[in-house]
Each structure stands twice: as structure tokens, then as C-alpha cells.
Amino acid sequence: MEPIEQKILNAMEQAIGPATEMVLLHRPYLPPSAWEYVKECLDTGWVSSAGSYVTRFEEELAQFTGCRRAVATVNGTAALEVCLRLAGVVPGDEVLCPSLTFVATANAISHCGAVPHFVDVSADRLSICPQALEARLQETVSAEATGPVNRQTGRRIGAVCLMHCFGHPGEIDAIVKLCDEYKLPLIEDAAESLGSYYQGKHTGRFGRLSAISFNGNKILTTGGGGAIVTDDDALADRAKHLTTTAKVPHRWEFHHDAVAWNYRLPNINAALGVAQLEILPKILNAKRQLAERYAAAFASLEGVEHLSEPSDSSSNFWLNALVLSSANSSRRDQVLEVLNGAGYQSRPLWQPMHHLPMYADCPRGELLTTEMLNQRVINIPSSADLAPNWMSTVQ
Ligand SMILES: *Cc1c(COP(=O)(O)O)cnc(C)c1O
């Protein structure tokens, strides 16, 4: 019988054709308008942290997501740090978050002087499992005058940070309910989920504030960049002020009224964002078609599953993921070896946060599903231009 890695390779070829050159995990598509807008920045000299593309990008992003406001930032990690701070996280707090995430989630929490507290995820969505969160809250949290406190560490719990993994929305309703019950602000790490909807509403609209990333590998890229989105005007104003050095507007005076950040997104980067927002619906459509191809190619293959979108959601399918069956859980590295060797760039999950040296001693609940998924999940090439008829779609 053929080994699983060979079967997966055959299915890959069937889904997206032969790899004549290295098929990257995720590469950006920059439309012709990107050249035009960047050229305008160069021609006019508006390349830095002031300029009209920043405002335009913020307005159009708010419109696309349905959030009242968007504040552009230098990257997604910075956006998430500001979200947490503005939600009231202070040094010495703990923030409940998944261990199964990109390191930026835990880093943003740490930059607030807070400590990540890891909660397990559910196997079908790869994001915080409401039952695991509830169990953890029941086990460890007492209601004190200052807010919910972890009885075991004595630290206040400052927030819950929900990450929508690979663009698949998490179980938002159940998480929101727990946050309400325990009086915890919800922050969404929506870094990967631009264009993903939960029950018809864009991700990032459920938290008090949410962070999006426009890093080079994300569904929309500004080279590097991020945004804070929120429906709260006062918080948005505060976010804008604090990410732009807290300068009080004046024609010539440099007066600043708070310790603040320079987390501004340069205009030249925002120009790239404006250009791609114009074709984002086409990108999303292509990503869905590609995911359907993969789903069809892997449907009949035993021993591995293509991760599908939750039935209550519409996913952006940022990264397609395969999940090996338990019988094949020891074969992850062979699969990665064969796929990468054949020219299909593929990778495992990020190492869980509690496996990393700086986060090994953080408080955590049982992380059985996180450990299980860590053995079995593989991301496969997911660029929009791999979709059938991409070039005719995008023109
Ligand atoms: C990409 C990403 C971030 C951070 O974004 P940067 O723009 O790279 O700083 C945060 N969280 C998650 C889950 C991400 O995937």
C-alpha cells in the first residue's frame, strides 16, 4: 500500500497541478493599481507617516469590515498590544489566550507587562474551546473587587484574547457569553481573518477592540502593517492618538500629552493596502475556489482531512490545513519532507506557546487538543493565484 505522504502528494498534484517551480505557502497578489498608487507616493514625496492613503485605507477598511472605525498601525503585533492596553490590561495581569497561535499573540500580551494564560482549543476550529475556557475560569477564577482574579497566582485576569486560526472564525457566541459572565473584555486577534464572517458579521466586530495584520504572508499585505478595529469611537480616537505619539494637533507646537507609541503605518504601505482592498472580494472568491479544489481532492483520501469552514461561518481560507488521522500522527515530518521536496511549500503548526522557553512557565489549563493538533496539522500552499482561472478572475 502507498504510504500516506505519497497519497497526499498525488492529491496535491490533482488539486493544483504539478510544481514546476516552488509553490509558495502564501504569496501576495499586487494589482496594477498598486504600482500607480505607490508611484504617486514617490512622485509627491508622501512616503512616510503622513499622507492621504493612510486615511483612505482606514476608511475603506472600516467600510469593508463593517466596523465603525479602523486605525492603521505599523504591524499586527503593535495593533494587538494597543487593543489590550485600551481594553484595560495593565502590568501584572493575566490574559487568557490559546497556546496554539503565532508567537505575536503572546508577545503582545507580554509587551503590556501581562502574562499569557493558555487555554486549549477545539479540534474542529483550532481556536479557543469554550468548554476549556469555562473549565479554566471555574477552576482558577474568583470575583474580587478589582475584577476576576486567578486564585492560584493572585494575578488579575485582564482580558480574553480569541484568535481566529487560519481565518476560520472561532466559537464567538459561547466565548462572548463567558466573557460577559466573568466581566472580562474580549479582544479578537483577527490578524488572519480579514474577510471571514461569523453568522454574517465580520470577525473583529465582536471584541471591544480587535487587531488585523497586513504582513507579507497575510490575505492582504501592506508590506508590513496592521490595524485596530472597533465600534467604539472614543477608543478609536484614543488608539489613533496613542499610536501617533500623542501629539496634540497644532500648526507648529510639539506638545504631547501622554507616554505613547510611534506605531504609524507609512503612507507608501497604506497605498498598497488601498490597491488590494479594491480586489479583496476577488481574492476571497479565489481562495474559496482553491479550498473547494483541495476539499474535493482530499475527500476520498483516508487518513487525512482538509479542514473545512465552520457551518456557522464564512472563512477567508487564509491557509488551507490538512489534519492527519491519529493512525498517521507519527508521519507529519515525512509528509512535510515529501511535499517540500516535491516543490509544494508546506509547514507544521507554529510550536505551541508553552513549548517556547519564554512561555514555558506561564499558567495554563490542560492542552491535550493543542498537543494532538501539533502532531497532525500541515499547512499547504494557499495563494489566491493557485485558484482555477485566477488570471481571468482578477482582470
Ligand atoms: C500575523 C499574526 C500576528 C501579527 O502580525 P504582524 O503584522 O506580523 O505583527 C498576530 N497574531 C497572529 C495570529 C498572526 O497570525
# chains A, B, ... in the order shown; residues from 1 in each chain; ligands from 1
>>> residues_around(residues="Glu171 (chain A)", least_positions_apart="3", cutoff="9 Å", atoms="only C-alpha atoms", output="list of chain:residue names")
A:Arg125, A:Ser127, A:Ile128, A:Cys129, A:Pro130, A:Ala174, A:Ile175, A:Val176, A:Tyr198, A:Pro310
>>> residues_near_ligand(ligand="ligand 1", cutoff="8 Å", atoms="only C-alpha atoms and all ligand atoms", output="ChimeraX atom specification")
/A:74-80,101-105,163-166,189-192,211-215,217-218,224-226
>>> closest_residue(among="A:Leu220, A:Ile283, A:Ala275, A:Leu162", to="Phe206 (chain A)", atoms="only C-alpha atoms")
A:Leu162
>>> residues_around(residues="Ile157 (chain A)", least_positions_apart="3", cutoff="7 Å", atoms="only C-alpha atoms", output="MDAnalysis selection string")
chainID A and resid 93:95 148:150
>>> closest_residue(among="A:Lys183, A:Lys39, A:His306, A:Lys201", to="Leu324 (chain A)", atoms="only C-alpha atoms")
A:His306
>>> select_by_dssp(residues="region 186-298 of chain A", states="alpha helix (DSSP H)", output="PyMOL selection string")
chain A and resi 233-243+267-298
>>> decode(residues="region 343-365 of chain A", atoms="N, CA and C atoms", output="mmCIF file, in the first residue's frame")
data_model
loop_
_atom_site.group_PDB
_atom_site.id
_atom_site.type_symbol
_atom_site.label_atom_id
_atom_site.label_comp_id
_atom_site.auth_asym_id
_atom_site.auth_seq_id
_atom_site.Cartn_x
_atom_site.Cartn_y
_atom_site.Cartn_z
ATOM 1 N N GLY A 343 8.300 20.367 -4.137
ATOM 2 C CA GLY A 343 8.074 21.738 -4.588
ATOM 3 C C GLY A 343 6.790 22.378 -4.079
ATOM 4 N N TYR A 344 6.111 21.707 -3.156
ATOM 5 C CA TYR A 344 4.915 22.309 -2.542
ATOM 6 C C TYR A 344 5.283 22.762 -1.135
ATOM 7 N N GLN A 345 5.518 24.060 -0.966
ATOM 8 C CA GLN A 345 5.940 24.553 0.349
ATOM 9 C C GLN A 345 4.847 24.278 1.384
ATOM 10 N N SER A 346 5.212 23.576 2.412
ATOM 11 C CA SER A 346 4.253 23.158 3.440
ATOM 12 C C SER A 346 4.930 23.281 4.788
ATOM 13 N N ARG A 347 4.127 23.454 5.830
ATOM 14 C CA ARG A 347 4.749 23.624 7.146
ATOM 15 C C ARG A 347 3.823 23.111 8.249
ATOM 16 N N PRO A 348 4.417 22.796 9.396
ATOM 17 C CA PRO A 348 3.592 22.355 10.526
ATOM 18 C C PRO A 348 2.978 23.556 11.214
ATOM 19 N N LEU A 349 2.210 23.313 12.258
ATOM 20 C CA LEU A 349 1.715 24.399 13.104
ATOM 21 C C LEU A 349 2.895 25.152 13.719
ATOM 22 N N TRP A 350 2.641 26.384 14.159
ATOM 23 C CA TRP A 350 3.631 27.061 14.988
ATOM 24 C C TRP A 350 3.852 26.183 16.219
ATOM 25 N N GLN A 351 5.052 26.145 16.743
ATOM 26 C CA GLN A 351 5.228 25.422 18.006
ATOM 27 C C GLN A 351 4.319 26.072 19.039
ATOM 28 N N PRO A 352 3.577 25.275 19.792
ATOM 29 C CA PRO A 352 2.679 25.869 20.794
ATOM 30 C C PRO A 352 3.470 26.769 21.743
ATOM 31 N N MET A 353 2.801 27.822 22.201
ATOM 32 C CA MET A 353 3.499 28.827 23.035
ATOM 33 C C MET A 353 4.137 28.208 24.278
ATOM 34 N N HIS A 354 3.458 27.231 24.890
ATOM 35 C CA HIS A 354 4.002 26.672 26.145
ATOM 36 C C HIS A 354 5.218 25.784 25.894
ATOM 37 N N HIS A 355 5.543 25.518 24.618
ATOM 38 C CA HIS A 355 6.784 24.794 24.295
ATOM 39 C C HIS A 355 7.966 25.757 24.151
ATOM 40 N N LEU A 356 7.679 27.054 24.046
ATOM 41 C CA LEU A 356 8.760 28.031 23.834
ATOM 42 C C LEU A 356 9.370 28.413 25.186
ATOM 43 N N PRO A 357 10.699 28.655 25.208
ATOM 44 C CA PRO A 357 11.355 28.859 26.505
ATOM 45 C C PRO A 357 10.763 30.004 27.324
ATOM 46 N N MET A 358 10.422 31.114 26.680
ATOM 47 C CA MET A 358 9.969 32.277 27.465
ATOM 48 C C MET A 358 8.537 32.130 27.963
ATOM 49 N N TYR A 359 7.786 31.160 27.413
ATOM 50 C CA TYR A 359 6.393 30.993 27.842
ATOM 51 C C TYR A 359 6.140 29.640 28.522
ATOM 52 N N ALA A 360 7.224 28.911 28.780
ATOM 53 C CA ALA A 360 7.076 27.548 29.324
ATOM 54 C C ALA A 360 6.470 27.546 30.730
ATOM 55 N N ASP A 361 6.703 28.608 31.486
ATOM 56 C CA ASP A 361 6.230 28.622 32.877
ATOM 57 C C ASP A 361 4.940 29.409 33.066
ATOM 58 N N CYS A 362 4.315 29.792 31.980
ATOM 59 C CA CYS A 362 3.064 30.550 32.112
ATOM 60 C C CYS A 362 1.946 29.643 32.620
ATOM 61 N N PRO A 363 0.956 30.235 33.312
ATOM 62 C CA PRO A 363 -0.173 29.414 33.761
ATOM 63 C C PRO A 363 -0.914 28.826 32.560
ATOM 64 N N ARG A 364 -1.433 27.629 32.721
ATOM 65 C CA ARG A 364 -2.165 27.009 31.618
ATOM 66 C C ARG A 364 -3.089 25.921 32.107
ATOM 67 N N GLY A 365 -4.145 25.708 31.333
ATOM 68 C CA GLY A 365 -5.020 24.571 31.594
ATOM 69 C C GLY A 365 -4.472 23.349 30.871
#
